[in-house]
Amino acid sequence: MRVKTLCLGALCLGDATGYDIKKLFENAFNHFHGASFGSIYPSLKKLEEQGHVSHRVEAGEKHPDRKLFHVTDEGRACFLSELAGTPASEQLRSESMVLLFFAHLLPTEILQQKLAEMETHYSEELNYLESLSECSNHTSGIDFTIGMGKSVLRAKLDYLHNHRKTLLASHRDLPDSPWNAGCEQNNQQAESSS
């Protein structure tokens with residue numbers, strides 16, 4: 001989903017400044033969707049040009065004047081159409097999975113360090129989502145995504161705890177060609193089942 005679409009979704013929750021939307025991206029969306037914060041304001045500008053968003057200037061007594069954005073009826077309809085057409089699939093991009101895929105190339109002490117960093121990262125993310133669970137003003141969908149995020153992080157931590165020793169004990173062992181070996185085994189299984 002594009003940042004522009006996420007901005008529309010954020011505004012469907014209520015009027016907001018660009019800074020408010022940035023905070024929503026940092027807090028509410030962060031555990032399931034990455035976004036470049038530098039793209040929020042250009043996206044809002046484009047949405048306004050398309051008539052999907054309008055803004056008013058809110059005068060500030062204790063802060064500078066600020067733009068408060070509002071989703072138009074056309075913008076809400078556009079977002080709902082995009083949402084209804086969103087595929088129920090995921091595209092995972094994970095630096096840690098790339099690191100683990102090539103773990104056999106790393107010295108053991110570096111791999112140990114990386115595993116400890118992963119555990120710390122997952123624990124911090126889980127603690128953050130736990131803190132969000134204490135808010136009472138969430139929609140059922142927001143609670144669902146927080147709950148699923150917590151389940152995924154707990155599963156990652158469990159897997160890391162249960163399989164760390166095995167990985168470290170054998171991470172330097174390598175078949176002649178690990179990719180081909182895996183493919184040949186799959187091909188043999190497919191041939192024997194047909």
# chains A, B, ... in the order shown; residues from 1 in each chain; ligands from 1
>>> residues_around(residues="Ala116 in chain A", least_positions_apart="5", cutoff="12 Å", atoms="only C-alpha atoms", output="ChimeraX atom specification")
/A:96,109-111,121-123,157,160-161,164
>>> residues_around(residues="Ala16 in chain A", least_positions_apart="5", cutoff="9 Å", atoms="only C-alpha atoms", output="VMD selection string")
chain A and resid 10 to 11 21 67 to 70
>>> select_by_dssp(residues="chain A", states="strand (DSSP E)", output="VMD selection string")
chain A and resid 53 to 58 66 to 71
>>> write_last_selection(atoms="C-alpha atoms", output="tab-separated table (two decimals), in the first residue's frame")
chain	number	residue	atom	x	y	z
A	53	VAL	CA	-7.99	16.05	1.12
A	54	SER	CA	-8.59	19.64	2.19
A	55	HIS	CA	-6.97	21.68	4.93
A	56	ARG	CA	-7.59	24.62	7.14
A	57	VAL	CA	-5.07	26.68	9.01
A	58	GLU	CA	-5.45	26.39	12.74
A	66	ARG	CA	-0.54	24.69	11.53
A	67	LYS	CA	-2.36	22.97	8.69
A	68	LEU	CA	-5.09	20.62	9.83
A	69	PHE	CA	-5.96	18.13	7.08
A	70	HIS	CA	-9.41	16.65	6.53
A	71	VAL	CA	-10.43	13.80	4.22
>>> select_by_dssp(residues="chain A", states="alpha helix (DSSP H)", output="ChimeraX atom specification")
/A:3-12,18-27,40-49,73-84,95-101,108-133,140-170,178-193
>>> residues_around(residues="Ile40 in chain A", least_positions_apart="4", cutoff="7 Å", atoms="only C-alpha atoms", output="PDB file with N, CA and C atoms, in the first residue's frame")
ATOM      1  N   VAL A   3       2.135   5.200   0.522  1.00  0.00           N
ATOM      2  CA  VAL A   3       2.073   6.160   1.623  1.00  0.00           C
ATOM      3  C   VAL A   3       0.861   7.062   1.468  1.00  0.00           C
ATOM      4  N   GLY A  18       0.189  17.098   9.493  1.00  0.00           N
ATOM      5  CA  GLY A  18       1.207  16.213   8.937  1.00  0.00           C
ATOM      6  C   GLY A  18       2.015  15.564  10.043  1.00  0.00           C
ATOM      7  N   LEU A  44       0.388  14.341   0.987  1.00  0.00           N
ATOM      8  CA  LEU A  44      -0.751  15.187   1.369  1.00  0.00           C
ATOM      9  C   LEU A  44      -1.012  16.266   0.323  1.00  0.00           C
TER      10      LEU A  44
END
>>> closest_residue(among="A:Glu90, A:Asp143, A:Glu124, A:Glu82", to="Arg2 in chain A", atoms="only C-alpha atoms")
A:Glu82
>>> closest_residue(among="A:His52, A:Leu106, A:Tyr19, A:Ala28", to="Phe144 in chain A", atoms="only C-alpha atoms")
A:Ala28
>>> atom_distance(atom1="CA of Lys156 in chain A", atom2="CA of Thr86 in chain A")
26.2 Å
>>> closest_residue(among="A:Phe102, A:Phe29, A:Tyr41, A:Tyr128", to="Leu167 in chain A", atoms="only C-alpha atoms")
A:Phe102
>>> atom_distance(atom1="CA of Thr145 in chain A", atom2="CA of Cys12 in chain A")
17.4 Å
>>> closest_residue(among="A:Gln50, A:Ser43, A:Asn27, A:Ser170", to="Ser131 in chain A", atoms="only C-alpha atoms")
A:Asn27
